[in-house]
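Student: Quick one: the structure is below, questions incoming.
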Amino acid sequence: MAKRLKGRTYILEGDVSIEQTASVVGPFEGEGPLGKYFDVVNEDDLMDEKSYESAESGMLKNSIELLMKKASVNEEETDVIIGGDLLNQITATTFAVRDFAIPYWGIYNACATYTLGLQIASLGIDSGAFKKAIVTASSHFSTSERQYRSPLELGTQNPATSQRTVTGAGSCLVASGGGGPYINDFTIGSVTDLGQCDPYNMGSAMAPAAVKTLIEHFANTKTDLKDYDLVLTGDLANEGLNIAKELLEEYGYPGENITDCGKLIYDDSVQYVNNGGSGAGCCANVFNGFIYKLMKEKRINTLLFVATGALLSTTSSQQSNSIPCIAHAVTITNERRKYNV
Amino acid sequence: MAKNERIKSEEVFREDYERISKKNKAKPEYFKNAVMAFLVGGTICTLGQLIKNIIIGWGTPEQDAALITTIVLVFLGSSLTAFGIYDMIGRHAGAGSIVPITGFANSIVSCAVDFKTEGPVFGLGAKMFTIAGPVIVYATVSSWIFGLIYYLWGVIF
Amino acid sequence: MFEEYLWAFVIGGALCLIAQIIMDLTKLVSGEILVIYVVAGVVLSALGIYEYLVDLGGCGATVPLTGFGYTLVKGTMTAVDERGLIGVFTGGLTAAAGGIGSAVVFGYIFSLIGRAKTKY
């Protein structure tokens, strides 16, 4: 059974490993620097569907099917699918999983959905209730653009601070036992809102949430930034990452072994993305496609994965509310690690 | 703050964040954007002038020529939007392609095309005016206010 | 002849330049800029200032959305002169009918043809 280590950090008692991953992305992500690491790069992001919403569901369905094939598990063996996306009432995920005979937990924490899913799945498995759980998250540039910003054909410039929503769906299979990488422990974040209200500058809004969760995690586990091979934040993009780095430095955690999924997924010198990538599918695919492979090759052995989410809606931002943000941290290691606290 | 302590004061954290985020804020390319807006906006207006002069050359009265120019520009803006070209211009031109009447046409067609999937009535028909609607509303109301003042002025003086 | 085009270019370009600077310095988005420009056009025309710009710039002043406001004001003035109080209500939209009518019709037709594509 999972135990509270200290504060809001929980450590898993048994071995819970991420057995297999699958990543499906759109063409623009395929052109990015991580293009060759993704399992499937779709040529057209409408994928022969009638709407982009259906395309996003299709992509998510593909990623689950691919995952089940890669891990050779069937519907019977899988206890639950835990996942979400950015659309209203998380329809993309729901529509995708209706074709599977697997129970479903729909979750929403914006771009932090993926690490939230990992936390829930690992709790369920460590408690002995589940044997295998699928965690999934997706986002699509065109559906997000339609829902949160402006019509696709509108001739506007996005502000320099804006981020591009990643088109992609990533799924992973979390299972008890296995050979790793293991989910070792995790810290649940709390909602942080420092009054930033620009929906075109989410990286900056989310940075304090990431920093707060990281500091909480470091304090609870008595670790430092340097105790991890890599600290991977989700979707802060260039500007947000710089803010997070500087804040961490001021609070006693200097270090360069921290990077961001939104920064890695695109090459902002060639691709028109302004500040970088964002979206629930961003960290899901960077982790599943790229970082997971590095962990399997033992090039990264200890990872602290902190996905951040901006929990706003179009209504809340039109009513000039500030943006509440969240960050959930998960420690993923190749060898189980114990803390002396 | 010493290592391995939690953030104690939300206040201090907020101040630190505000200072650091201000410093790191990504800046638009002011100069490049301004030059592009000027050039593209100027070009669209010059094109309008050319169309108008051609139409006047055919013997059309000036006022009708102005109206026909508007219609032609709206046609151009709509078609470039439908063929997916206007948003590419807009990415570089910014306000240079928003402010001319072609940008008004773009705002209508882009909304209509985008929400076609939600049906011909509540999708295409209703969402068409997401951006253009407010423009028409404020144009009508402000010209009504002007008209009322103008009318009262005429009655009183 | 050349001078006419030059002034259209300069005045039209300048109006767009101002909008760009406003957009870069504030958080206003395109829809808000369009509204501000139309209302600014109405106000400037009502004060009689915009007339000078139109005389100087021709299409450089009438093609930007401020020119739309100018058209409304001119139409309202004519209608009020001819029909009195009724003109207050009919003048603006009558003058704008060409622009709005064409935008709606072409908008409808082209949106049947077009497809929303992802920006790259």
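Here, A, B, ... name the chains of the structure tokens in the order displayed, residue numbers run from 1 inside each chain, and ligands are numbered from 1 in the same displayed order.
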List the neighbours of Thr90 in chain C out to 10 Å using only C-alpha atoms; skip same-chain residues closer than 3 positions along the sequence, and give me the result as a list of chain:residue names.

Tutor: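 Within the cut-off, the hits are B:Thr140, B:Trp144, B:Gly147, C:Gly75, C:Thr76, C:Ala79, C:Val80, C:Arg83, C:Leu85, C:Ile86, C:Gly87, C:Leu93, C:Thr94, C:Ala95.
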
Student: Write out, as a Markdown table, each residue of range 47-118 of chain C that has an atom at most 7 Å from range 97-102 of chain B, together with the closest pair of atoms and their distance in Å to one decimal, counting only C-alpha atoms, rows going by chain and rising number.

Tutor:
```
| residue | atom | partner | partner_atom | distance |
| --- | --- | --- | --- | --- |
| C:Val63 | CA | B:Pro100 | CA | 5.4 |
| C:Pro64 | CA | B:Pro100 | CA | 3.8 |
| C:Leu65 | CA | B:Val99 | CA | 5.7 |
```

Student: Please dump the current selection as a compact mmCIF listing (two decimals), in the first residue's frame; keep all heavy atoms.

Tutor:
```
# COMPACT_ATOMS: atom_id res chain seq x y z
N VAL C 63 -10.74 52.27 -47.06
CA VAL C 63 -10.63 50.81 -47.00
C VAL C 63 -10.45 50.27 -45.57
O VAL C 63 -11.08 49.29 -45.19
CB VAL C 63 -9.53 50.29 -47.96
CG1 VAL C 63 -9.24 48.82 -47.72
CG2 VAL C 63 -9.97 50.50 -49.41
N PRO C 64 -9.61 50.90 -44.72
CA PRO C 64 -9.55 50.43 -43.33
C PRO C 64 -10.90 50.58 -42.64
O PRO C 64 -11.74 51.36 -43.09
CB PRO C 64 -8.50 51.33 -42.69
CG PRO C 64 -7.66 51.81 -43.81
CD PRO C 64 -8.60 51.94 -44.97
N LEU C 65 -11.10 49.86 -41.55
CA LEU C 65 -12.41 49.83 -40.91
C LEU C 65 -12.87 51.18 -40.38
O LEU C 65 -14.06 51.41 -40.22
CB LEU C 65 -12.41 48.80 -39.77
CG LEU C 65 -13.04 47.44 -40.07
CD1 LEU C 65 -14.27 47.23 -39.21
CD2 LEU C 65 -13.40 47.24 -41.52
```

Student: Go through chain A residue by residue and, counting only C-alpha atoms, keep those with an atom at most 12 Å from chain C; for each kept residue give the shortest atom pair and its distance in Å to one decimal, ordered by chain and increasing number, as a Markdown table.

Tutor:
```
| residue | atom | partner | partner_atom | distance |
| --- | --- | --- | --- | --- |
| A:Gly26 | CA | C:Thr118 | CA | 10.5 |
| A:Pro27 | CA | C:Tyr120 | CA | 9.4 |
| A:Phe28 | CA | C:Tyr120 | CA | 7.0 |
| A:Glu29 | CA | C:Tyr120 | CA | 10.4 |
| A:Glu31 | CA | C:Tyr120 | CA | 10.6 |
| A:Gly32 | CA | C:Tyr120 | CA | 11.9 |
| A:Asp44 | CA | C:Thr118 | CA | 9.5 |
| A:Asp45 | CA | C:Thr118 | CA | 7.8 |
| A:Leu46 | CA | C:Lys117 | CA | 8.6 |
| A:Lys50 | CA | C:Arg115 | CA | 10.7 |
| A:Ser51 | CA | C:Ala116 | CA | 9.6 |
| A:Tyr52 | CA | C:Thr118 | CA | 9.4 |
| A:His140 | CA | C:Thr118 | CA | 10.1 |
| A:Phe141 | CA | C:Thr118 | CA | 7.6 |
| A:Ser142 | CA | C:Thr118 | CA | 6.0 |
| A:Thr143 | CA | C:Thr118 | CA | 9.7 |
| A:Ser144 | CA | C:Thr118 | CA | 11.2 |
| A:Glu145 | CA | C:Thr118 | CA | 9.4 |
| A:Arg146 | CA | C:Ala116 | CA | 10.2 |
| A:Arg149 | CA | C:Val29 | CA | 10.0 |
| A:Ser150 | CA | C:Ser30 | CA | 9.6 |
| A:Pro151 | CA | C:Ala116 | CA | 8.1 |
| A:Leu152 | CA | C:Ala116 | CA | 6.0 |
| A:Glu153 | CA | C:Ala116 | CA | 6.2 |
| A:Leu154 | CA | C:Ser30 | CA | 9.1 |
| A:Gly155 | CA | C:Ser30 | CA | 8.8 |
| A:Thr156 | CA | C:Ser30 | CA | 6.8 |
| A:Gln157 | CA | C:Ser30 | CA | 9.0 |
| A:Asn158 | CA | C:Val29 | CA | 9.2 |
| A:Pro159 | CA | C:Asp24 | CA | 7.7 |
| A:Ala160 | CA | C:Asp24 | CA | 9.1 |
| A:Thr161 | CA | C:Lys27 | CA | 11.0 |
| A:Ser162 | CA | C:Lys27 | CA | 11.6 |
| A:Arg164 | CA | C:Tyr120 | CA | 10.2 |
| A:Thr165 | CA | C:Thr118 | CA | 11.4 |
| A:Val166 | CA | C:Thr118 | CA | 11.8 |
| A:Thr167 | CA | C:Thr118 | CA | 10.4 |
| A:Cys197 | CA | C:Lys27 | CA | 10.6 |
| A:Asp198 | CA | C:Lys27 | CA | 7.9 |
| A:Pro199 | CA | C:Lys27 | CA | 9.7 |
| A:Tyr200 | CA | C:Lys27 | CA | 8.6 |
| A:Asn201 | CA | C:Lys27 | CA | 10.4 |
| A:Val270 | CA | C:Tyr120 | CA | 11.1 |
| A:Gln271 | CA | C:Tyr120 | CA | 7.9 |
| A:Tyr272 | CA | C:Tyr120 | CA | 7.0 |
| A:Val273 | CA | C:Tyr120 | CA | 8.8 |
| A:Ser320 | CA | C:Lys27 | CA | 12.0 |
```

Student: Filtering to N, CA and C atoms, could you give me those residues as a short mmCIF file (atom, residue, chain, number, x, y, z; two decimals), in the first residue's frame?

Tutor:
```cif
data_model
loop_
_atom_site.label_atom_id
_atom_site.label_comp_id
_atom_site.auth_asym_id
_atom_site.auth_seq_id
_atom_site.Cartn_x
_atom_site.Cartn_y
_atom_site.Cartn_z
N GLY A 26 0.64 14.40 -34.73
CA GLY A 26 0.27 15.00 -36.01
C GLY A 26 1.51 15.31 -36.84
N PRO A 27 1.29 15.81 -38.06
CA PRO A 27 2.41 16.04 -38.98
C PRO A 27 3.40 17.10 -38.49
N PHE A 28 2.89 18.14 -37.85
CA PHE A 28 3.76 19.25 -37.44
C PHE A 28 4.72 18.80 -36.33
N GLU A 29 4.23 17.92 -35.47
CA GLU A 29 5.06 17.39 -34.39
C GLU A 29 6.09 16.41 -34.98
N GLU A 31 7.52 16.77 -37.76
CA GLU A 31 8.60 17.56 -38.34
C GLU A 31 9.55 18.10 -37.28
N GLY A 32 9.12 18.06 -36.03
CA GLY A 32 9.93 18.61 -34.95
C GLY A 32 11.13 17.73 -34.64
N ASP A 44 -1.94 13.59 -42.10
CA ASP A 44 -2.95 14.64 -42.13
C ASP A 44 -3.60 14.67 -40.75
N ASP A 45 -3.71 15.87 -40.18
CA ASP A 45 -4.23 15.88 -38.82
C ASP A 45 -5.76 15.85 -38.76
N LEU A 46 -6.42 15.78 -39.92
CA LEU A 46 -7.87 15.56 -39.91
C LEU A 46 -8.16 14.05 -39.97
N LYS A 50 -14.64 13.75 -40.17
CA LYS A 50 -15.43 14.90 -40.58
C LYS A 50 -15.03 16.15 -39.81
N SER A 51 -14.59 15.97 -38.58
CA SER A 51 -14.23 17.14 -37.78
C SER A 51 -12.92 16.87 -37.05
N TYR A 52 -12.29 17.96 -36.60
CA TYR A 52 -11.05 17.81 -35.85
C TYR A 52 -11.28 17.12 -34.51
N HIS A 140 -5.27 18.41 -29.41
CA HIS A 140 -5.19 18.63 -30.85
C HIS A 140 -5.17 20.12 -31.09
N PHE A 141 -4.20 20.55 -31.90
CA PHE A 141 -4.06 21.99 -32.15
C PHE A 141 -5.37 22.62 -32.62
N SER A 142 -6.00 21.98 -33.59
CA SER A 142 -7.16 22.61 -34.21
C SER A 142 -8.39 22.62 -33.30
N THR A 143 -8.57 21.58 -32.48
CA THR A 143 -9.73 21.61 -31.59
C THR A 143 -9.52 22.64 -30.48
N SER A 144 -8.30 22.73 -29.97
CA SER A 144 -8.03 23.70 -28.91
C SER A 144 -8.15 25.12 -29.43
N GLU A 145 -7.63 25.32 -30.64
CA GLU A 145 -7.67 26.64 -31.24
C GLU A 145 -9.12 27.09 -31.38
N ARG A 146 -9.96 26.17 -31.86
CA ARG A 146 -11.38 26.49 -32.03
C ARG A 146 -12.05 26.78 -30.68
N ARG A 149 -9.29 29.74 -28.57
CA ARG A 149 -8.74 30.95 -29.17
C ARG A 149 -9.57 31.43 -30.35
N SER A 150 -9.04 31.38 -31.54
CA SER A 150 -9.78 31.95 -32.67
C SER A 150 -9.95 30.91 -33.78
N PRO A 151 -10.86 31.18 -34.73
CA PRO A 151 -11.04 30.25 -35.84
C PRO A 151 -9.71 30.04 -36.58
N LEU A 152 -9.56 28.86 -37.19
CA LEU A 152 -8.29 28.49 -37.80
C LEU A 152 -7.88 29.42 -38.93
N GLU A 153 -8.86 29.89 -39.70
CA GLU A 153 -8.52 30.68 -40.88
C GLU A 153 -8.45 32.18 -40.58
N LEU A 154 -8.62 32.56 -39.33
CA LEU A 154 -8.56 33.99 -39.01
C LEU A 154 -7.12 34.47 -39.13
N GLY A 155 -6.96 35.56 -39.87
CA GLY A 155 -5.60 36.05 -40.11
C GLY A 155 -5.06 36.90 -38.98
N THR A 156 -4.62 36.26 -37.92
CA THR A 156 -4.05 37.03 -36.82
C THR A 156 -2.67 36.52 -36.47
N GLN A 157 -1.94 37.36 -35.77
CA GLN A 157 -0.66 36.93 -35.24
C GLN A 157 -0.89 36.48 -33.81
N ASN A 158 -0.30 35.35 -33.44
CA ASN A 158 -0.37 34.98 -32.03
C ASN A 158 0.69 35.77 -31.28
N PRO A 159 0.38 36.21 -30.06
CA PRO A 159 1.37 36.96 -29.31
C PRO A 159 2.66 36.15 -29.09
N ALA A 160 3.75 36.86 -28.89
CA ALA A 160 5.05 36.19 -28.75
C ALA A 160 5.07 35.24 -27.56
N THR A 161 4.19 35.48 -26.59
CA THR A 161 4.19 34.65 -25.38
C THR A 161 3.36 33.38 -25.55
N SER A 162 2.62 33.27 -26.68
CA SER A 162 1.68 32.16 -26.81
C SER A 162 2.40 30.85 -27.11
N ARG A 164 1.92 26.76 -28.86
CA ARG A 164 1.14 26.00 -29.80
C ARG A 164 0.70 24.69 -29.16
N THR A 165 -0.60 24.40 -29.26
CA THR A 165 -1.10 23.14 -28.70
C THR A 165 -0.61 21.98 -29.55
N VAL A 166 -0.08 20.98 -28.90
CA VAL A 166 0.45 19.82 -29.60
C VAL A 166 -0.69 18.93 -30.08
N THR A 167 -0.59 18.45 -31.33
CA THR A 167 -1.52 17.46 -31.82
C THR A 167 -0.92 16.10 -31.52
N CYS A 197 -3.43 36.76 -15.52
CA CYS A 197 -4.68 36.46 -16.22
C CYS A 197 -4.59 36.52 -17.74
N ASP A 198 -3.40 36.42 -18.30
CA ASP A 198 -3.28 36.45 -19.75
C ASP A 198 -3.35 35.03 -20.32
N PRO A 199 -4.47 34.68 -20.99
CA PRO A 199 -4.57 33.31 -21.51
C PRO A 199 -3.58 33.05 -22.64
N TYR A 200 -2.94 34.08 -23.15
CA TYR A 200 -1.92 33.88 -24.18
C TYR A 200 -0.53 33.77 -23.57
N ASN A 201 -0.46 33.66 -22.24
CA ASN A 201 0.85 33.52 -21.61
C ASN A 201 0.78 32.46 -20.50
N VAL A 270 12.86 27.12 -36.50
CA VAL A 270 12.33 26.83 -37.83
C VAL A 270 10.81 26.83 -37.84
N GLN A 271 10.21 26.29 -36.77
CA GLN A 271 8.75 26.14 -36.76
C GLN A 271 8.08 27.36 -36.13
N TYR A 272 6.91 27.72 -36.66
CA TYR A 272 6.19 28.89 -36.15
C TYR A 272 5.40 28.48 -34.91
N VAL A 273 6.04 28.58 -33.75
CA VAL A 273 5.35 28.14 -32.54
C VAL A 273 5.43 29.19 -31.43
N SER A 320 -12.43 37.94 -17.06
CA SER A 320 -11.20 38.53 -16.51
C SER A 320 -10.73 37.88 -15.21
#
```

Student: To one decimal place in Å, what is the distance between CA of Tyr114 in chain A and CA of Gly189 in chain A?

Tutor: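 Straight-line distance from CA of Tyr114 in chain A to CA of Gly189 in chain A works out to 13.4 Å.
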
Student: So how many Å separate CA of Gly103 in chain B and CA of Gly77 in chain B, to one decimal?

Tutor: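 So the two atoms, CA of Gly103 in chain B and CA of Gly77 in chain B, lie 6.7 Å apart.
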
Student: Determine which residues of chain B sit within 9 Å of chain A, taking into account only C-alpha atoms, and present them as a ChimeraX atom specification.

Tutor: /B:1-7,10,13-14,16-18,20-21,23-29,81-82,84-95,97-98,103,106-115,117

Student: Between C:Ile109, C:Ala19, C:Val54, C:Ala40, which has the minimum distance to chain B (counting only C-alpha atoms)?

Tutor: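 Looking at the shortest contact to chain B, the residue is C:Ala19.
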
Student: Between CA of Glu65 in chain A and CA of Leu311 in chain A, what is the distance in Å, rounded to a tenth?

Tutor: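 Computed distance, CA of Glu65 in chain A to CA of Leu311 in chain A, equals 29.1 Å.
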
Student: Which residues come within 9 Å of Gly58 in chain A, counting only C-alpha atoms, excluding same-chain residues fewer than 6 positions away, as an NGL selection string?

Tutor: :A and (47 or 49 or 92 or 95-96)

Student: Would you please give, as a ChimeraX atom specification, all residues of chain B that DSSP assigns to alpha helix (DSSP H) based on the backbone?

Tutor: /B:10-24,30-57,62-82,86-93,95-98,101-114,126-127,129-156

Student: Need to verify the contact set: range 37-49 of chain B, 8 Å, only C-alpha atoms, exclusion of same-chain residues closer than 5 positions in sequence. Can you return it as a ChimeraX atom specification?

Tutor: /B:69-70,73,93-97,99-100 /C:5-6,8-17,20,58-61,63-64
